[in-house]
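Trainee: One file: upload_5.txt (compact mmCIF, C-alpha atoms).
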```txt
# COMPACT_ATOMS: atom_id res chain seq x y z
CA MET E 1 98.75 92.55 91.69
CA ASN E 2 101.13 94.05 94.27
CA LEU E 3 99.66 96.79 96.39
CA SER E 4 101.93 99.67 97.30
CA ILE E 5 102.51 100.41 100.98
CA THR E 6 100.78 103.74 100.45
CA VAL E 7 97.61 102.00 99.28
CA VAL E 8 97.76 99.49 102.17
CA LEU E 9 98.03 102.32 104.71
CA ILE E 10 95.09 104.04 103.05
CA MET E 11 93.02 100.85 103.15
CA ILE E 12 93.74 100.40 106.86
CA THR E 13 92.89 104.04 107.58
CA VAL E 14 89.65 103.89 105.59
CA ALA E 15 88.62 100.70 107.41
CA THR E 16 89.35 102.01 110.91
CA SER E 17 87.79 105.39 110.15
CA MET E 18 84.59 103.78 108.87
CA ILE E 19 84.39 101.65 112.01
CA GLY E 20 84.65 104.85 114.01
CA PHE E 21 81.86 106.51 112.03
CA ASN E 22 79.47 103.91 113.45
CA LYS E 23 80.99 103.35 116.87
CA PRO E 24 81.47 106.46 119.04
CA GLU E 25 83.15 104.39 121.75
CA PHE E 26 85.79 103.33 119.22
CA ILE E 27 86.46 106.95 118.26
CA ASN E 28 86.63 107.98 121.92
CA ARG E 29 89.28 105.36 122.68
CA TRP E 30 91.43 106.09 119.61
CA MET E 31 91.14 109.88 119.60
CA PHE E 32 94.07 112.10 120.53
CA VAL E 33 93.34 113.31 124.08
CA PRO E 34 96.48 114.77 125.72
CA TYR E 35 94.90 114.76 129.19
CA LEU E 36 94.23 111.01 129.08
CA ILE E 37 97.62 110.31 127.55
CA LYS E 38 99.28 112.07 130.48
CA ASN E 39 97.08 110.81 133.29
CA ARG E 40 96.24 107.30 132.07
CA LYS E 41 99.45 106.68 130.12
CA GLN E 42 97.50 105.88 126.95
CA TRP E 43 100.48 106.59 124.70
CA ASP E 44 98.98 104.54 121.85
CA ARG E 45 96.67 107.46 121.13
CA PHE E 46 99.60 109.22 119.45
CA ILE E 47 99.33 106.65 116.65
CA THR E 48 95.71 105.46 116.74
CA SER E 49 94.39 109.01 116.35
CA GLY E 50 96.05 109.14 112.93
CA PHE E 51 93.88 106.27 111.70
CA ILE E 52 90.46 107.77 112.45
CA HIS E 53 88.66 110.78 110.98
CA LYS E 54 85.80 113.12 111.80
CA ASP E 55 83.74 112.42 108.67
CA TYR E 56 83.94 111.22 105.08
CA MET E 57 85.13 114.59 103.75
CA HIS E 58 87.96 114.71 106.29
CA LEU E 59 88.92 111.14 105.40
CA LEU E 60 88.69 111.72 101.65
CA PHE E 61 90.84 114.85 101.70
CA ASN E 62 93.62 113.29 103.79
CA MET E 63 93.70 109.98 101.92
CA PHE E 64 93.55 111.54 98.46
CA THR E 65 96.47 113.79 99.37
CA PHE E 66 98.39 110.90 100.89
CA LEU E 67 97.75 108.74 97.83
CA PHE E 68 99.23 111.33 95.50
CA PHE E 69 102.29 112.30 97.53
CA GLY E 70 102.80 109.09 99.49
CA GLY E 71 103.36 107.05 96.36
CA PHE E 72 106.11 109.42 95.26
CA VAL E 73 107.91 109.41 98.63
CA GLU E 74 107.57 105.62 98.84
CA GLN E 75 109.22 105.26 95.42
CA PHE E 76 111.98 107.70 96.38
CA LEU E 77 112.82 105.70 99.51
CA ALA E 78 112.71 102.42 97.58
CA TYR E 79 115.20 103.89 95.10
CA GLN E 80 117.45 105.18 97.90
CA PHE E 81 117.45 102.08 100.13
CA GLY E 82 116.02 99.21 98.10
CA GLY E 83 112.47 97.90 98.01
CA MET E 84 112.11 96.16 101.38
CA THR E 85 114.27 98.51 103.45
CA GLY E 86 112.77 101.54 101.74
CA GLY E 87 109.28 100.23 102.48
CA ILE E 88 110.06 99.79 106.18
CA ILE E 89 111.55 103.28 106.33
CA PHE E 90 108.46 104.69 104.61
CA VAL E 91 106.09 103.12 107.17
CA LEU E 92 108.25 104.39 110.03
CA PHE E 93 108.41 107.82 108.41
CA TYR E 94 104.62 108.01 108.19
CA LEU E 95 103.99 106.77 111.74
CA ILE E 96 106.67 108.96 113.28
CA GLY E 97 105.28 111.90 111.31
CA ILE E 98 101.89 111.35 112.97
CA ILE E 99 103.52 111.14 116.40
CA VAL E 100 105.91 114.08 116.05
CA SER E 101 103.23 116.37 114.62
CA ASP E 102 101.15 115.91 117.78
CA ILE E 103 103.90 116.41 120.37
CA PRO E 104 103.53 120.24 120.52
CA THR E 105 99.76 119.82 120.82
CA TYR E 106 100.27 117.34 123.64
CA LEU E 107 102.58 119.69 125.53
CA LYS E 108 100.16 122.58 125.05
CA ASN E 109 97.00 120.70 126.08
CA GLN E 110 98.13 117.96 128.47
CA ASP E 111 96.17 119.54 131.32
CA ASN E 112 93.13 120.40 129.21
CA SER E 113 90.60 117.61 129.75
CA TYR E 114 88.35 118.96 126.98
CA TYR E 115 90.84 118.92 124.12
CA ARG E 116 90.26 116.33 121.37
CA ALA E 117 91.88 115.78 117.96
CA LEU E 118 91.95 113.11 115.27
CA GLY E 119 93.05 112.51 111.71
CA ALA E 120 96.11 111.72 109.61
CA SER E 121 96.89 115.35 108.80
CA GLY E 122 100.29 115.31 110.52
CA GLY E 123 101.51 112.27 108.60
CA THR E 124 99.99 113.60 105.40
CA ALA E 125 101.68 116.99 105.83
CA ALA E 126 105.01 115.25 106.44
CA THR E 127 104.57 113.32 103.19
CA VAL E 128 103.61 116.39 101.17
CA PHE E 129 106.60 118.41 102.35
CA ALA E 130 109.01 115.52 101.91
CA SER E 131 107.95 115.43 98.26
CA ILE E 132 108.31 119.21 97.97
CA ILE E 133 111.95 119.00 99.05
CA ILE E 134 112.57 116.33 96.42
CA MET E 135 110.63 118.04 93.60
CA PRO E 136 110.01 121.69 94.56
CA LEU E 137 108.94 122.79 91.08
CA ALA E 138 106.20 120.19 90.66
CA ASP E 139 102.81 121.90 90.67
CA ILE E 140 100.37 121.34 93.53
CA CYS E 141 96.77 122.24 92.78
CA LEU E 142 94.17 123.39 95.28
CA PHE E 143 90.79 121.92 94.39
CA GLY E 144 91.98 121.60 90.79
CA ILE E 145 91.79 125.38 90.35
CA LEU E 146 94.85 127.14 91.75
CA CYS E 147 98.11 125.44 90.76
CA LEU E 148 101.49 126.62 92.04
CA PRO E 149 104.97 125.10 92.30
CA GLY E 150 105.25 123.09 95.50
CA PHE E 151 107.88 125.30 97.11
CA ILE E 152 105.67 128.38 96.74
CA LEU E 153 102.45 126.78 97.91
CA GLY E 154 104.37 125.01 100.66
CA GLY E 155 105.83 128.29 101.91
CA ILE E 156 102.37 129.86 102.01
CA PHE E 157 101.02 126.82 103.86
CA LEU E 158 103.77 126.98 106.50
CA ILE E 159 103.13 130.65 107.19
CA TYR E 160 99.37 130.10 107.31
CA SER E 161 99.68 127.12 109.68
CA TYR E 162 102.02 129.04 111.99
CA VAL E 163 99.73 132.09 112.19
CA LYS E 164 96.57 130.00 112.65
CA GLY E 165 98.30 127.87 115.26
CA LYS E 166 99.09 130.99 117.28
CA ASN E 167 95.59 132.44 116.89
CA SER E 168 93.47 129.32 116.54
CA ASP E 169 89.78 130.16 116.19
CA ASP E 170 88.58 126.96 114.55
CA ALA E 171 88.52 123.23 115.24
CA ILE E 172 91.58 122.46 113.09
CA ASN E 173 94.88 121.39 114.64
CA HIS E 174 97.13 123.73 112.66
CA ASP E 175 100.11 122.86 114.86
CA ALA E 176 99.93 119.25 113.62
CA HIS E 177 100.07 120.52 110.03
CA LEU E 178 103.03 122.79 110.78
CA TYR E 179 105.14 120.32 112.73
CA GLY E 180 104.25 117.43 110.44
CA ALA E 181 105.51 119.54 107.53
CA ILE E 182 108.72 120.45 109.36
CA PHE E 183 109.32 116.79 110.18
CA GLY E 184 108.88 115.82 106.52
CA ILE E 185 111.43 118.43 105.45
CA LEU E 186 114.01 117.42 108.08
CA PHE E 187 113.52 113.72 107.39
CA ILE E 188 114.45 114.03 103.73
CA LEU E 189 117.40 116.34 104.46
CA ILE E 190 118.77 113.90 107.05
CA ILE E 191 118.49 110.71 104.99
CA SER E 192 119.44 112.43 101.73
CA PRO E 193 121.60 115.53 102.45
CA GLU E 194 122.26 116.00 98.75
CA SER E 195 118.55 116.79 98.38
CA LEU E 196 119.24 120.24 99.83
CA LEU E 197 121.66 121.12 97.04
CA GLN E 198 119.28 119.72 94.44
CA PHE E 199 116.42 121.69 96.01
CA ILE E 200 118.40 124.93 95.84
CA ALA E 201 119.48 124.26 92.24
CA GLN E 202 115.88 123.64 91.18
CA ILE E 203 114.65 126.81 92.91
CA LYS E 204 117.35 128.85 91.17
CA SER E 205 116.24 127.48 87.81
CA TYR E 206 112.61 128.46 88.39
CA ARG E 207 111.14 130.91 85.89
CA PRO E 208 107.57 131.96 86.66
CA PHE E 209 106.92 133.17 83.10
```
As a first step, turn the structure in this file into structure tokens.

Mentor:
Amino acid sequence: MNLSITVVLIMITVATSMIGFNKPEFINRWMFVPYLIKNRKQWDRFITSGFIHKDYMHLLFNMFTFLFFGGFVEQFLAYQFGGMTGGIIFVLFYLIGIIVSDIPTYLKNQDNSYYRALGASGGTAATVFASIIIMPLADICLFGILCLPGFILGGIFLIYSYVKGKNSDDAINHDAHLYGAIFGILFILIISPESLLQFIAQIKSYRPF
């Protein structure tokens, strides 16, 4: 049985996250801490922080989302570039998505010694929005209750993340969600410019009723 790259990435993330659940020192070293990145040059935290999670619910939500959308983006890239090359591009896409999504947070909090963040949300958001560009009319369901076409729910999510990022009053890194999503959109448009025309054509054909 051949495992998809998406499943392999999930397995690695689940394993490292579960190690962190039992070893606080492991979490502390892998967590995204802009102050330590700047002052101790621990640049690896940009990537390692995407492979650990706060708790099982945080892990489950991110990995379930990544499983659903990651498989689709992986297949799209394999079709575009061939199996091996597409697989390499997919891994790079996911890792760069994690990194890019945290850059604004790093710039904002590099002198804040108390700031901490962790989780694969940036890479997951990049994957979700890459798939929305490819198939904007495919329904995305929230908790299996509210289902909307991806381009509508995605638009709402972008606005929500932007507003919450400006007026953050919780422990969620909304900037990572926003910039991860933007990266996912730009990535698909750069490697497959024709996707923009296809996206527009699909949106024009949308009939809500």

Trainee: So which one's closest to Ser192 of chain E, E:Leu3, E:Ile37, E:Ser49, E:Phe81? Using only C-alpha atoms, please.

Mentor: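 Looking at the shortest contact to Ser192 of chain E, the residue is E:Phe81.
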
Trainee: Skip Leu67 of chain E itself and residues of its chain fewer than 2 positions away, then list as a PyMOL selection string all residues within 12 Å of it, counting only C-alpha atoms.

Mentor: chain E and resi 4-11+13+59-65+69-74+123-124+127-128

Trainee: Report as JSON, numbers by chain all protein, DNA and RNA residues lying within 8 Å of Ile52 of chain E, evaluated on only C-alpha atoms, omitting residues in the same chain fewer than 5 positions from it.

Mentor: {"E": [13, 14, 16, 17, 18, 20, 27, 30, 31, 59, 118, 119, 120]}

Trainee: Identify which of the residues E:Ala181, E:Leu36, E:Ile203, E:Ile152 lies closest to Tyr94 of chain E, counting only C-alpha atoms when measuring atom-to-atom distances.

Mentor: E:Ala181

Trainee: Have a look at E:Phe151, E:Phe26, E:Tyr162, E:Phe68 and name the one nearest to Thr48 of chain E; count all atoms listed in the file.

Mentor: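 Selected residue with least distance to Thr48 of chain E: E:Phe26.
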
Trainee: Out of E:Leu137, E:Ala78, E:Gly150, E:Phe66, which residue has the shortest atom-to-atom distance to Gly122 of chain E when counting all atoms listed in the file?

Mentor: E:Phe66

Trainee: From the list E:Leu107, E:Val91, E:Ser113, E:Pro136, which residue is nearest Ser205 of chain E when using all atoms listed in the file?

Mentor: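 Selected residue with least distance to Ser205 of chain E: E:Pro136.
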
Trainee: Which residue out of E:Leu186, E:Ile88, E:Leu178, E:Ile200 has the minimum interatomic distance to Ile156 of chain E when all atoms listed in the file are used?

Mentor: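 Under the stated criterion, the closest residue is E:Leu178.
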
Trainee: Do you have the atom CA of Pro208 of chain E-atom CA of Ser131 of chain E distance handy?

Mentor: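 Between these atoms lies a distance of 20.2 Å.
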
Trainee: In the coordinate frame of the file, compute which residues have an atom within 7 Å of (110.3, 105.3, 100.3) when using only C-alpha atoms, and state them as a PyMOL selection string.

Mentor: chain E and resi 73-78+86-87+89-90

Trainee: Go ahead and compute the interatomic distance for atom CA of Phe32 of chain E and atom CA of Ile12 of chain E, in Å to one decimal.

Mentor: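 It comes out at 18.0 Å.
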
Trainee: Would you compute an axis-aligned box for segment 38-42 of chain E, covering every atom listed for it in the file with 3 Å of margin on each side, and report centre and edge lengths in Å to one decimal as lines of an AutoDock Vina configuration file?

Mentor:
```
center_x = 97.8
center_y = 109.0
center_z = 130.1
size_x = 9.2
size_y = 12.2
size_z = 12.3
```

Trainee: One decimal, Å: what's the distance from atom CA of Val100 of chain E over to atom CA of Ser121 of chain E, could you say?

Mentor: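 Those two atoms sit 11.6 Å apart.
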
Trainee: Skipping near chain neighbours, those fewer than 4 positions away, what residues fall within 10 Å of Asn39 of chain E using only C-alpha atoms, listed as a PDB file with C-alpha atoms, in the coordinates of the input?

Mentor:
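Printed below is selection_22.pdb as written:
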```pdb
ATOM      1  CA  PRO E  34      96.480 114.770 125.720  1.00  0.00           C
ATOM      2  CA  TYR E  35      94.900 114.760 129.190  1.00  0.00           C
ATOM      3  CA  GLN E 110      98.130 117.960 128.470  1.00  0.00           C
ATOM      4  CA  ASP E 111      96.170 119.540 131.320  1.00  0.00           C
TER       5      ASP E 111
END
```

Trainee: Do a neighbour search on segment 172-174 of chain E at 10 Å with only C-alpha atoms, toss out local chain neighbours closer than 5 positions, and write the hits as a ChimeraX atom specification.

Mentor: /E:101-102,105,116-119,121-122,158,160-167,179-180
